[in-house]
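S.K.: Structure provided below as structure tokens; questions to follow.
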Amino acid sequence: MTILIETPRLKMREFTLDDLDAVYAFSINEDVTKYTGDLGMVKTKQDAKDVIINVWQAEYKKYGYARYALLCKETDKVIGFCGIKYLPEEQRPDIGYRMLPKYWGKGLGFEAVKATMDYATNVLRLDNVIAEAVDENIASNKILLKAGFTHVDTYEREGFTLNRYE
């Protein structure tokens, strides 16, 4: 599989069905999904398979990009995702990321976001990427600011207070 993005500690590529177990593992982890708005949406491996095929792979075909499998170079295992998703309601792309808790607090989130934004700008030629983070998710808010995003709004949606970045 072609590596699209590489950093000192991470690799990113398109998801395949070979990633099913990893997608299931990070998608059912409540610590990973508690701030994402899709807590509990993946309950079975079939649900995870549906996300790979009907969301990510469909978006690769339709837009040329989507969330990418995030691999730890040390183990060559999928530990989460990072990537750009087109938001039709916004008519612009959004960056999103998540990873298993054992990889938190090591700077990998920032490393992934920064490299993905470089890829989005220089390869995909996207210039108006937005991001959202739940206000309580202090680490993600810090990552987005450190990666060069500017906080532009705070609002409520689906029971969450969200910070919007551009």
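Here's how to read the names in the structure tokens: chain A, B, ... by the order shown, residue numbers from 1 in each chain, ligand numbers from 1 in the order shown.
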Using 12 Å as the limit and counting only C-alpha atoms, can you tabulate each residue of stretch 24-67 of chain A that touches stretch 109-116 of chain A, with its shortest atom-to-atom distance in Å and the two atoms involved, as CSV?

M.R.:
residue,atom,partner,partner_atom,distance
A:Tyr65,CA,A:Thr116,CA,11.0
A:Ala66,CA,A:Thr116,CA,11.0
A:Arg67,CA,A:Thr116,CA,9.9

S.K.: Quick one: residues within 10 Å of A:Ala131, only C-alpha atoms counted, chain neighbours fewer than 3 positions away excluded, as a list of chain:residue names?

M.R.: A:Ile84, A:Pro93, A:Asp94, A:Ile95, A:Gly96, A:Asn141, A:Leu144, A:Phe149, A:Thr150, A:His151, A:Leu162, A:Asn163, A:Arg164, A:Tyr165, A:Glu166

S.K.: Would you mind writing down, as a VMD selection string, each residue of stretch 75-135 of chain A that DSSP on the backbone assigns to alpha helix (DSSP H)?

M.R.: chain A and resid 108 to 122

S.K.: Go ahead and write the residues just picked, all heavy atoms, as a CSV table (one decimal), in the first residue's frame.

M.R.:
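Result file is part35.csv:
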chain,number,residue,atom,x,y,z
A,108,LEU,N,2.4,12.8,19.1
A,108,LEU,CA,2.1,12.1,17.8
A,108,LEU,C,0.9,12.8,17.2
A,108,LEU,O,0.8,12.9,15.9
A,108,LEU,CB,1.8,10.7,18.0
A,108,LEU,CG,3.0,9.8,18.5
A,108,LEU,CD1,2.6,8.4,18.8
A,108,LEU,CD2,4.1,9.8,17.4
A,109,GLY,N,0.0,13.3,18.0
A,109,GLY,CA,-1.2,14.0,17.4
A,109,GLY,C,-0.8,15.3,16.6
A,109,GLY,O,-1.2,15.5,15.5
A,110,PHE,N,0.1,16.0,17.2
A,110,PHE,CA,0.6,17.2,16.6
A,110,PHE,C,1.4,16.8,15.3
A,110,PHE,O,1.2,17.4,14.2
A,110,PHE,CB,1.5,18.1,17.5
A,110,PHE,CG,2.2,19.2,16.8
A,110,PHE,CD1,1.5,20.3,16.3
A,110,PHE,CD2,3.6,19.1,16.5
A,110,PHE,CE1,2.2,21.3,15.6
A,110,PHE,CE2,4.2,20.1,15.8
A,110,PHE,CZ,3.5,21.2,15.4
A,111,GLU,N,2.2,15.8,15.4
A,111,GLU,CA,3.1,15.4,14.3
A,111,GLU,C,2.1,15.0,13.1
A,111,GLU,O,2.4,15.3,12.0
A,111,GLU,CB,3.9,14.2,14.8
A,111,GLU,CG,5.0,13.8,13.8
A,111,GLU,CD,5.9,12.7,14.5
A,111,GLU,OE1,6.3,12.9,15.6
A,111,GLU,OE2,6.2,11.7,13.8
A,112,ALA,N,1.1,14.2,13.4
A,112,ALA,CA,0.1,13.8,12.4
A,112,ALA,C,-0.6,15.0,11.8
A,112,ALA,O,-0.7,15.1,10.6
A,112,ALA,CB,-0.9,12.8,13.0
A,113,VAL,N,-1.1,15.9,12.6
A,113,VAL,CA,-1.9,17.0,12.1
A,113,VAL,C,-1.0,17.9,11.3
A,113,VAL,O,-1.4,18.3,10.2
A,113,VAL,CB,-2.5,17.8,13.3
A,113,VAL,CG1,-3.1,19.1,12.8
A,113,VAL,CG2,-3.7,17.0,13.9
A,114,LYS,N,0.2,18.2,11.7
A,114,LYS,CA,1.1,19.1,11.0
A,114,LYS,C,1.4,18.5,9.6
A,114,LYS,O,1.4,19.2,8.6
A,114,LYS,CB,2.4,19.3,11.8
A,114,LYS,CG,3.3,20.3,11.2
A,114,LYS,CD,2.8,21.7,11.4
A,114,LYS,CE,3.8,22.8,10.9
A,114,LYS,NZ,3.5,23.4,9.7
A,115,ALA,N,1.8,17.2,9.6
A,115,ALA,CA,2.1,16.6,8.3
A,115,ALA,C,0.9,16.5,7.4
A,115,ALA,O,1.0,16.7,6.2
A,115,ALA,CB,2.7,15.2,8.6
A,116,THR,N,-0.3,16.2,8.0
A,116,THR,CA,-1.5,16.2,7.1
A,116,THR,C,-1.8,17.5,6.5
A,116,THR,O,-2.2,17.6,5.4
A,116,THR,CB,-2.6,15.6,8.0
A,116,THR,OG1,-2.3,14.3,8.4
A,116,THR,CG2,-3.9,15.5,7.2
A,117,MET,N,-1.6,18.6,7.3
A,117,MET,CA,-1.9,19.9,6.8
A,117,MET,C,-0.9,20.3,5.7
A,117,MET,O,-1.3,20.9,4.7
A,117,MET,CB,-1.9,20.9,7.9
A,117,MET,CG,-3.1,20.9,8.8
A,117,MET,SD,-4.7,21.0,7.8
A,117,MET,CE,-4.4,22.7,7.1
A,118,ASP,N,0.4,19.9,5.9
A,118,ASP,CA,1.4,20.1,4.8
A,118,ASP,C,0.9,19.4,3.5
A,118,ASP,O,1.0,19.9,2.4
A,118,ASP,CB,2.7,19.6,5.2
A,118,ASP,CG,3.4,20.5,6.3
A,118,ASP,OD1,2.9,21.7,6.5
A,118,ASP,OD2,4.3,20.1,7.0
A,119,TYR,N,0.5,18.1,3.7
A,119,TYR,CA,0.0,17.3,2.6
A,119,TYR,C,-1.2,18.0,1.9
A,119,TYR,O,-1.3,18.1,0.7
A,119,TYR,CB,-0.3,15.9,3.0
A,119,TYR,CG,-0.7,15.0,2.0
A,119,TYR,CD1,0.2,14.3,1.1
A,119,TYR,CD2,-2.1,14.6,1.8
A,119,TYR,CE1,-0.2,13.4,0.1
A,119,TYR,CE2,-2.5,13.7,0.8
A,119,TYR,CZ,-1.6,13.2,0.0
A,119,TYR,OH,-2.0,12.3,-1.0
A,120,ALA,N,-2.2,18.4,2.7
A,120,ALA,CA,-3.4,19.0,2.2
A,120,ALA,C,-3.1,20.3,1.4
A,120,ALA,O,-3.6,20.5,0.3
A,120,ALA,CB,-4.3,19.4,3.4
A,121,THR,N,-2.1,21.1,1.9
A,121,THR,CA,-1.7,22.3,1.2
A,121,THR,C,-0.9,22.1,0.0
A,121,THR,O,-1.2,22.6,-1.1
A,121,THR,CB,-1.0,23.2,2.2
A,121,THR,OG1,-1.8,23.5,3.3
A,121,THR,CG2,-0.6,24.5,1.6
A,122,ASN,N,0.1,21.3,0.1
A,122,ASN,CA,1.1,21.1,-1.0
A,122,ASN,C,0.8,20.1,-2.0
A,122,ASN,O,1.2,20.2,-3.2
A,122,ASN,CB,2.5,20.8,-0.4
A,122,ASN,CG,3.0,22.0,0.5
A,122,ASN,OD1,2.8,23.1,0.2
A,122,ASN,ND2,3.5,21.6,1.7

S.K.: Contacts of A:Gln46 at 10 Å or less, counting only C-alpha atoms, minus same-chain residues fewer than 4 places along, as a list in words?

M.R.: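 In the requested format, the answer is Leu20, Tyr24, Val42, Asp50, Val51 and Ile52 of chain A.
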
S.K.: Identify all residues of stretch 5-73 of chain A in strand (DSSP E or B) (DSSP on the backbone) and supply them as a ChimeraX atom specification.

M.R.: /A:5-6,10-13,67-72

S.K.: Output all heavy atoms of each residue in that selection to a file, as a compact mmCIF listing (two decimals), in the first residue's frame.

M.R.:
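File again.txt, as written:
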# COMPACT_ATOMS: atom_id res chain seq x y z
N ILE A 5 1.81 9.95 3.47
CA ILE A 5 2.39 10.93 4.39
C ILE A 5 3.32 10.17 5.32
O ILE A 5 2.96 9.11 5.84
CB ILE A 5 1.30 11.65 5.20
CG1 ILE A 5 0.29 12.34 4.27
CG2 ILE A 5 1.92 12.65 6.17
CD1 ILE A 5 -0.96 12.84 4.97
N GLU A 6 4.50 10.73 5.56
CA GLU A 6 5.45 10.10 6.47
C GLU A 6 6.09 11.17 7.34
O GLU A 6 6.42 12.25 6.87
CB GLU A 6 6.51 9.35 5.67
CG GLU A 6 7.35 8.44 6.51
CD GLU A 6 8.13 7.43 5.68
OE1 GLU A 6 7.93 7.35 4.45
OE2 GLU A 6 8.95 6.73 6.29
N LEU A 10 5.58 8.34 12.22
CA LEU A 10 4.27 7.90 11.71
C LEU A 10 4.28 7.73 10.20
O LEU A 10 5.09 8.35 9.51
CB LEU A 10 3.20 8.94 12.06
CG LEU A 10 2.99 9.24 13.54
CD1 LEU A 10 2.14 10.49 13.70
CD2 LEU A 10 2.35 8.06 14.24
N LYS A 11 3.34 6.91 9.73
CA LYS A 11 3.05 6.79 8.30
C LYS A 11 1.54 6.87 8.14
O LYS A 11 0.80 6.45 9.03
CB LYS A 11 3.52 5.44 7.75
CG LYS A 11 5.02 5.23 7.81
CD LYS A 11 5.43 3.95 7.11
CE LYS A 11 5.10 2.73 7.94
NZ LYS A 11 5.66 1.47 7.39
N MET A 12 1.10 7.40 6.99
CA MET A 12 -0.33 7.46 6.70
C MET A 12 -0.57 6.96 5.28
O MET A 12 0.20 7.26 4.37
CB MET A 12 -0.86 8.87 6.87
CG MET A 12 -0.96 9.28 8.34
SD MET A 12 -1.47 10.99 8.52
CE MET A 12 0.08 11.70 9.09
N ARG A 13 -1.66 6.20 5.16
CA ARG A 13 -2.05 5.63 3.87
C ARG A 13 -3.56 5.45 3.88
O ARG A 13 -4.21 5.60 4.92
CB ARG A 13 -1.36 4.29 3.64
CG ARG A 13 -1.68 3.27 4.73
CD ARG A 13 -1.34 1.87 4.31
NE ARG A 13 -1.46 0.91 5.38
CZ ARG A 13 -2.60 0.43 5.88
NH1 ARG A 13 -3.76 0.85 5.41
NH2 ARG A 13 -2.61 -0.46 6.84
N ARG A 67 -10.10 10.36 5.57
CA ARG A 67 -9.26 10.01 6.72
C ARG A 67 -8.30 8.91 6.28
O ARG A 67 -8.67 8.02 5.52
CB ARG A 67 -10.11 9.51 7.89
CG ARG A 67 -11.23 10.43 8.33
CD ARG A 67 -10.78 11.80 8.75
NE ARG A 67 -11.86 12.46 9.48
CZ ARG A 67 -12.06 13.76 9.51
NH1 ARG A 67 -11.27 14.57 8.82
NH2 ARG A 67 -13.05 14.27 10.21
N TYR A 68 -7.06 8.98 6.77
CA TYR A 68 -6.04 8.00 6.42
C TYR A 68 -5.68 7.15 7.64
O TYR A 68 -5.71 7.62 8.78
CB TYR A 68 -4.77 8.69 5.93
CG TYR A 68 -4.98 9.50 4.67
CD1 TYR A 68 -4.67 10.84 4.63
CD2 TYR A 68 -5.50 8.90 3.52
CE1 TYR A 68 -4.86 11.59 3.48
CE2 TYR A 68 -5.69 9.65 2.36
CZ TYR A 68 -5.38 10.99 2.35
OH TYR A 68 -5.58 11.73 1.21
N ALA A 69 -5.32 5.91 7.36
CA ALA A 69 -4.82 5.02 8.41
C ALA A 69 -3.54 5.61 8.96
O ALA A 69 -2.63 5.98 8.21
CB ALA A 69 -4.57 3.63 7.85
N LEU A 70 -3.46 5.72 10.27
CA LEU A 70 -2.30 6.28 10.97
C LEU A 70 -1.53 5.11 11.56
O LEU A 70 -2.05 4.39 12.41
CB LEU A 70 -2.80 7.23 12.06
CG LEU A 70 -1.79 7.99 12.87
CD1 LEU A 70 -0.97 8.93 11.99
CD2 LEU A 70 -2.50 8.80 13.96
N LEU A 71 -0.30 4.92 11.08
CA LEU A 71 0.52 3.79 11.52
C LEU A 71 1.70 4.28 12.34
O LEU A 71 2.38 5.25 11.96
CB LEU A 71 1.05 3.01 10.32
CG LEU A 71 0.05 2.21 9.53
CD1 LEU A 71 -0.63 3.06 8.48
CD2 LEU A 71 0.73 1.03 8.87
N CYS A 72 1.97 3.57 13.41
CA CYS A 72 3.17 3.81 14.20
C CYS A 72 4.32 3.11 13.48
O CYS A 72 4.25 1.90 13.23
CB CYS A 72 2.97 3.24 15.60
SG CYS A 72 4.43 3.32 16.65

S.K.: A:Thr161, A:Asn137, A:Thr75, A:Asn54: which is nearest A:Thr33, counting only C-alpha atoms?

M.R.: A:Asn137

S.K.: For a test of reading the model, state the distance in Å between atom CA of A:Val78 and atom CA of A:Ile53, rounded to one decimal.

M.R.: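 That distance, rounded to one decimal, is 16.7 Å.
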
S.K.: Rounded to one decimal in Å, what is the spacing between atom CA of A:Gly148 and atom CA of A:Val129?

M.R.: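 Spanning atom CA of A:Gly148 to atom CA of A:Val129 is a straight-line distance of 11.4 Å.
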
S.K.: What's the separation between atom CA of A:Tyr63 and atom CA of A:Leu126, in Å to one decimal place?

M.R.: 11.5 Å

S.K.: For A:Thr44, please output as a PyMOL selection string all residues within 12 Å (counting only C-alpha atoms; exclusion window: fewer than 3 positions along the same chain).

M.R.: chain A and resi 20-21+23-28+40-41+47-51

S.K.: Would you put the residues from that selection into a file with all heavy atoms, as a short mmCIF file (atom, residue, chain, number, x, y, z; two decimals), in the first residue's frame?

M.R.:
data_model
loop_
_atom_site.label_atom_id
_atom_site.label_comp_id
_atom_site.auth_asym_id
_atom_site.auth_seq_id
_atom_site.Cartn_x
_atom_site.Cartn_y
_atom_site.Cartn_z
N LEU A 20 -9.43 -3.79 9.26
CA LEU A 20 -10.70 -3.96 9.97
C LEU A 20 -10.53 -4.09 11.48
O LEU A 20 -11.21 -3.39 12.25
CB LEU A 20 -11.45 -5.18 9.42
CG LEU A 20 -12.78 -5.50 10.08
CD1 LEU A 20 -13.76 -4.34 9.95
CD2 LEU A 20 -13.38 -6.76 9.49
N ASP A 21 -9.66 -4.97 11.94
CA ASP A 21 -9.49 -5.16 13.39
C ASP A 21 -9.03 -3.89 14.09
O ASP A 21 -9.50 -3.55 15.17
CB ASP A 21 -8.53 -6.32 13.68
CG ASP A 21 -9.12 -7.68 13.32
OD1 ASP A 21 -10.36 -7.80 13.24
OD2 ASP A 21 -8.32 -8.61 13.11
N VAL A 23 -9.45 -0.72 13.01
CA VAL A 23 -10.53 0.27 12.97
C VAL A 23 -11.57 -0.06 14.04
O VAL A 23 -12.03 0.82 14.76
CB VAL A 23 -11.18 0.33 11.57
CG1 VAL A 23 -12.45 1.18 11.58
CG2 VAL A 23 -10.18 0.87 10.55
N TYR A 24 -11.89 -1.32 14.16
CA TYR A 24 -12.83 -1.75 15.20
C TYR A 24 -12.29 -1.40 16.59
O TYR A 24 -13.01 -0.83 17.42
CB TYR A 24 -13.09 -3.25 15.07
CG TYR A 24 -14.02 -3.80 16.12
CD1 TYR A 24 -15.37 -3.49 16.09
CD2 TYR A 24 -13.55 -4.63 17.14
CE1 TYR A 24 -16.23 -3.99 17.06
CE2 TYR A 24 -14.40 -5.12 18.10
CZ TYR A 24 -15.74 -4.80 18.07
OH TYR A 24 -16.59 -5.28 19.02
N ALA A 25 -11.01 -1.67 16.82
CA ALA A 25 -10.41 -1.43 18.14
C ALA A 25 -10.45 0.04 18.53
O ALA A 25 -10.82 0.38 19.66
CB ALA A 25 -8.97 -1.95 18.17
N PHE A 26 -10.07 0.95 17.63
CA PHE A 26 -10.09 2.35 18.05
C PHE A 26 -11.50 2.95 17.99
O PHE A 26 -11.79 3.91 18.70
CB PHE A 26 -9.04 3.22 17.34
CG PHE A 26 -9.21 3.49 15.87
CD1 PHE A 26 -10.21 4.32 15.40
CD2 PHE A 26 -8.33 2.94 14.95
CE1 PHE A 26 -10.34 4.59 14.05
CE2 PHE A 26 -8.45 3.20 13.60
CZ PHE A 26 -9.46 4.04 13.14
N SER A 27 -12.38 2.36 17.21
CA SER A 27 -13.74 2.89 17.10
C SER A 27 -14.64 2.50 18.27
O SER A 27 -15.62 3.20 18.55
CB SER A 27 -14.39 2.42 15.79
OG SER A 27 -13.70 2.94 14.69
N ILE A 28 -14.33 1.40 18.94
CA ILE A 28 -15.15 1.01 20.10
C ILE A 28 -14.57 1.50 21.42
O ILE A 28 -15.19 1.36 22.46
CB ILE A 28 -15.38 -0.52 20.16
CG1 ILE A 28 -14.07 -1.26 20.37
CG2 ILE A 28 -16.14 -1.00 18.95
CD1 ILE A 28 -14.25 -2.70 20.83
N GLY A 40 -20.29 5.22 20.07
CA GLY A 40 -21.27 4.14 19.98
C GLY A 40 -21.78 3.85 18.59
O GLY A 40 -22.62 2.96 18.40
N MET A 41 -21.30 4.55 17.57
CA MET A 41 -21.78 4.30 16.21
C MET A 41 -21.21 2.99 15.65
O MET A 41 -21.87 2.33 14.86
CB MET A 41 -21.45 5.46 15.29
CG MET A 41 -22.31 6.68 15.59
SD MET A 41 -22.01 8.06 14.49
CE MET A 41 -22.77 7.48 13.00
N ASP A 47 -19.91 -2.97 11.38
CA ASP A 47 -20.00 -1.50 11.40
C ASP A 47 -18.66 -0.89 10.98
O ASP A 47 -18.62 0.07 10.20
CB ASP A 47 -20.37 -0.98 12.78
CG ASP A 47 -21.77 -1.35 13.23
OD1 ASP A 47 -22.63 -1.66 12.38
OD2 ASP A 47 -22.01 -1.32 14.47
N ALA A 48 -17.57 -1.44 11.50
CA ALA A 48 -16.24 -0.94 11.15
C ALA A 48 -15.96 -1.16 9.66
O ALA A 48 -15.41 -0.27 8.98
CB ALA A 48 -15.17 -1.62 12.00
N LYS A 49 -16.34 -2.30 9.15
CA LYS A 49 -16.18 -2.60 7.72
C LYS A 49 -16.97 -1.59 6.88
O LYS A 49 -16.49 -1.10 5.86
CB LYS A 49 -16.64 -4.03 7.43
CG LYS A 49 -16.46 -4.46 5.99
CD LYS A 49 -16.90 -5.91 5.81
CE LYS A 49 -16.73 -6.37 4.39
NZ LYS A 49 -17.15 -7.77 4.20
N ASP A 50 -18.18 -1.29 7.32
CA ASP A 50 -19.02 -0.32 6.61
C ASP A 50 -18.37 1.06 6.57
O ASP A 50 -18.44 1.75 5.55
CB ASP A 50 -20.41 -0.22 7.24
CG ASP A 50 -21.24 -1.48 7.03
OD1 ASP A 50 -20.89 -2.31 6.16
OD2 ASP A 50 -22.24 -1.64 7.77
N VAL A 51 -17.73 1.47 7.65
CA VAL A 51 -17.04 2.76 7.68
C VAL A 51 -15.89 2.75 6.67
O VAL A 51 -15.73 3.70 5.89
CB VAL A 51 -16.52 3.10 9.10
CG1 VAL A 51 -15.58 4.29 9.08
CG2 VAL A 51 -17.68 3.37 10.04
#
